[in-house]
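Everything below concerns the one structure shown next.
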Amino acid sequence: MRILLCDDHRIVREGLKQILADTPDIEVAAECASGPEVLHSARVEAIDLVLLDIAIPQQDGLDVLRQIKQEMPRLPVLMLSTYPEKQYAARCYKLGAAGYLNKSTDPEQLVEAIRKAAGGGLYVSAQMAETLASGLAQRATAPQRAAHESLSHREYQVFQLIAAGRSVKEIADQLELSPNTVSTYRSRILEKTGASNDVGIAMYAVRHQLLPV
């Protein structure tokens, strides 16, 4: 299995390559450190799976995932992140990810996930399976969703950055959007969450344990 590895931290890439070097049926065929690089490599390299970090520069990992699935729907993408599963895993699955792993995952679990995803399967950890089942049960008994669940992908990105204390300009620069567009997303977030200002958004994120780590 030929893997395309994307993480902006070289030490993380080296660690992952060392883990996979001991696995004879898996080869890291290419590596990159940014969103545009992974899209280019996915288009030109003969690969069987993309191992993709969420927090990568120039283009958010979820945007990269969405674009890969639009252009190459049969190419499995396994998401790897420091974010807890409850923050991002469900969104990744909805966008077509073949699995979601935290970077604290055991090497054996990483290899298992790669093999399953590359074979056309969907990898879901035991913890995530329990979380998803619990969420389904809650939705079955409670007709109203939490306010943040109604946020679009881009609104959720802006929500997290506001909660982390970023200014409109900083968010615009990071997401490569105009400040006016970010302000529009901010207005929608305030309306959907019921917050009255950025402090209210941060407090909402704290209550629901949604602050980025």
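Each chain in the structure tokens gets a letter, A, B and so on, in the order shown; residues start at 1 in every chain, and ligands are counted from 1 in the order they appear.
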Next item on the list: Quick one: everything within 8 Å of stretch 68-76 of chain A, counting only C-alpha atoms, minus sequence neighbours fewer than 4 positions away in the same chain. Send it as a list in words.
Entry: Leu39, Ala42, Asp48, Leu49, Val50, Val64, Leu95, Gly96, Ala97, Ala98, Ala117, Ala118 and Gly120 of chain A
Find the spatial neighbours of A:Ser34, counting only C-alpha atoms, within a cut-off of 9 Å - ignore same-chain residues fewer than 4 positions away - and output them as a PDB file with N, CA and C atoms, in the first residue's frame.
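The file below, selection39.pdb, is the result:
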ATOM      1  N   CYS A   6       0.719  13.583   4.932  1.00  0.00           N
ATOM      2  CA  CYS A   6       0.725  15.047   5.023  1.00  0.00           C
ATOM      3  C   CYS A   6       0.610  15.506   6.469  1.00  0.00           C
ATOM      4  N   ASP A   7       1.660  16.170   6.941  1.00  0.00           N
ATOM      5  CA  ASP A   7       1.678  16.803   8.262  1.00  0.00           C
ATOM      6  C   ASP A   7       2.696  17.924   8.194  1.00  0.00           C
ATOM      7  N   ASP A   8       2.380  19.077   8.778  1.00  0.00           N
ATOM      8  CA  ASP A   8       3.292  20.213   8.650  1.00  0.00           C
ATOM      9  C   ASP A   8       4.462  20.153   9.621  1.00  0.00           C
ATOM     10  N   VAL A  38      -0.541  18.539  -0.804  1.00  0.00           N
ATOM     11  CA  VAL A  38      -1.187  17.226  -0.759  1.00  0.00           C
ATOM     12  C   VAL A  38      -2.123  17.046  -1.952  1.00  0.00           C
ATOM     13  N   LEU A  39      -2.785  18.103  -2.364  1.00  0.00           N
ATOM     14  CA  LEU A  39      -3.660  18.002  -3.529  1.00  0.00           C
ATOM     15  C   LEU A  39      -2.839  17.723  -4.792  1.00  0.00           C
ATOM     16  N   ILE A  56      -3.266  21.881   8.896  1.00  0.00           N
ATOM     17  CA  ILE A  56      -2.132  22.096   8.001  1.00  0.00           C
ATOM     18  C   ILE A  56      -2.220  23.500   7.414  1.00  0.00           C
ATOM     19  N   PRO A  57      -1.080  24.089   7.055  1.00  0.00           N
ATOM     20  CA  PRO A  57      -1.090  25.475   6.568  1.00  0.00           C
ATOM     21  C   PRO A  57      -1.606  25.615   5.145  1.00  0.00           C
ATOM     22  N   GLN A  58      -1.991  26.837   4.827  1.00  0.00           N
ATOM     23  CA  GLN A  58      -2.432  27.294   3.506  1.00  0.00           C
ATOM     24  C   GLN A  58      -3.825  26.807   3.123  1.00  0.00           C
ATOM     25  N   GLN A  59      -4.183  25.600   3.508  1.00  0.00           N
ATOM     26  CA  GLN A  59      -5.525  25.106   3.213  1.00  0.00           C
ATOM     27  C   GLN A  59      -5.911  24.093   4.276  1.00  0.00           C
ATOM     28  N   ASP A  60      -7.019  24.344   4.935  1.00  0.00           N
ATOM     29  CA  ASP A  60      -7.463  23.486   6.032  1.00  0.00           C
ATOM     30  C   ASP A  60      -7.621  22.034   5.581  1.00  0.00           C
ATOM     31  N   GLY A  61      -7.270  21.095   6.490  1.00  0.00           N
ATOM     32  CA  GLY A  61      -7.351  19.682   6.156  1.00  0.00           C
ATOM     33  C   GLY A  61      -8.736  19.220   5.752  1.00  0.00           C
TER      34      GLY A  61
END
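Interatomic distance, atom CA of A:Asp63 to atom CA of A:Thr82: 17.3 Å.
Of the listed residues (A:Glu31, A:Glu191, A:Glu149, A:Glu155), A:Glu31 comes nearest to A:Arg10; the distances count only C-alpha atoms.
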Check: Can you list, as a PyMOL selection string, every residue of stretch 52-106 of chain A that DSSP puts in alpha helix (DSSP H)?
Finding: chain A and resi 61-71+85-94
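Here the question is which of A:Leu177, A:Cys32, A:Leu210, A:Ile201 gets nearest to A:Ile162 using only C-alpha atoms, and that residue is A:Ile201.
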Note to self: So, with only C-alpha atoms as the atoms that count, which of A:Val158, A:Val28, A:Ile189, A:Ala164 lies closest to A:Val206?
What the structure shows: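 The closest residue to A:Val206 is A:Ala164.
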Next item on the list: as a list of chain:residue names, please: all residues of stretch 3-182 of chain A that backbone DSSP puts in strand (DSSP E).
Entry: A:Ile3, A:Leu4, A:Leu5, A:Cys6, A:Glu27, A:Val28, A:Ala29, A:Ala30, A:Glu31, A:Cys32, A:Leu49, A:Val50, A:Leu51, A:Leu52, A:Asp53, A:Val77, A:Leu78, A:Met79, A:Leu80, A:Ser81, A:Gly99, A:Tyr100, A:Leu101, A:Asn102
Checklist line | Nearby residues (only C-alpha atoms) at most 9 Å from A:Ser125, same-chain spacing under 2 positions excluded, as a PyMOL selection string | finding: chain A and resi 99-101+109+113+123+127-130
Limited to N, CA and C atoms, could you put the picked residues into a file as a PDB file, in the first residue's frame?
ATOM      1  N   GLY A  99     -11.632   7.258   7.914  1.00  0.00           N
ATOM      2  CA  GLY A  99     -11.321   7.028   9.317  1.00  0.00           C
ATOM      3  C   GLY A  99     -10.765   8.281   9.959  1.00  0.00           C
ATOM      4  N   TYR A 100     -10.732   8.291  11.284  1.00  0.00           N
ATOM      5  CA  TYR A 100     -10.226   9.433  12.048  1.00  0.00           C
ATOM      6  C   TYR A 100      -9.419   8.883  13.220  1.00  0.00           C
ATOM      7  N   LEU A 101      -8.185   9.351  13.363  1.00  0.00           N
ATOM      8  CA  LEU A 101      -7.318   8.892  14.436  1.00  0.00           C
ATOM      9  C   LEU A 101      -6.696  10.072  15.163  1.00  0.00           C
ATOM     10  N   GLN A 109      -2.803   0.393  16.200  1.00  0.00           N
ATOM     11  CA  GLN A 109      -4.110   0.889  15.777  1.00  0.00           C
ATOM     12  C   GLN A 109      -3.988   1.687  14.481  1.00  0.00           C
ATOM     13  N   ALA A 113      -5.868   0.755  11.044  1.00  0.00           N
ATOM     14  CA  ALA A 113      -6.737   1.725  10.357  1.00  0.00           C
ATOM     15  C   ALA A 113      -6.320   1.893   8.896  1.00  0.00           C
ATOM     16  N   TYR A 123     -12.827   2.859   8.962  1.00  0.00           N
ATOM     17  CA  TYR A 123     -12.272   2.614  10.285  1.00  0.00           C
ATOM     18  C   TYR A 123     -12.921   3.541  11.308  1.00  0.00           C
ATOM     19  N   GLN A 127     -14.046   3.931  20.758  1.00  0.00           N
ATOM     20  CA  GLN A 127     -14.519   5.137  21.451  1.00  0.00           C
ATOM     21  C   GLN A 127     -15.441   5.953  20.555  1.00  0.00           C
ATOM     22  N   MET A 128     -15.052   6.078  19.272  1.00  0.00           N
ATOM     23  CA  MET A 128     -15.875   6.854  18.359  1.00  0.00           C
ATOM     24  C   MET A 128     -17.190   6.160  18.077  1.00  0.00           C
ATOM     25  N   ALA A 129     -17.169   4.849  17.972  1.00  0.00           N
ATOM     26  CA  ALA A 129     -18.407   4.099  17.746  1.00  0.00           C
ATOM     27  C   ALA A 129     -19.382   4.341  18.891  1.00  0.00           C
ATOM     28  N   GLU A 130     -18.865   4.374  20.112  1.00  0.00           N
ATOM     29  CA  GLU A 130     -19.713   4.634  21.276  1.00  0.00           C
ATOM     30  C   GLU A 130     -20.256   6.062  21.242  1.00  0.00           C
TER      31      GLU A 130
END
Next item on the list: Measuring atom to atom with only C-alpha atoms, identify which of A:Leu52, A:Cys92, A:Val77, A:Val182 is nearest to A:Ala33.
Entry: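 Of A:Leu52, A:Cys92, A:Val77, A:Val182, the one nearest A:Ala33 is A:Leu52, counting only C-alpha atoms.
Distances to A:Arg91 were evaluated for A:His153, A:Asp106, A:Gly194, A:Gly121 using only C-alpha atoms, and the minimum falls at A:His153.
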Checklist line | Interatomic distance (Å, one decimal) between atom CA of A:Asp53 and atom CA of A:Ser178 | finding: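 A separation of 24.9 Å between them.
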Next item on the list: Grab the atom CA of A:Gln160 to atom CA of A:Ala195 distance for me, in Å with one decimal place.
Entry: 13.8 Å
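The closest residue to A:Gln174, picked from A:Tyr156, A:Ala55, A:Arg115, A:Glu45 and counting only C-alpha atoms, is A:Ala55.
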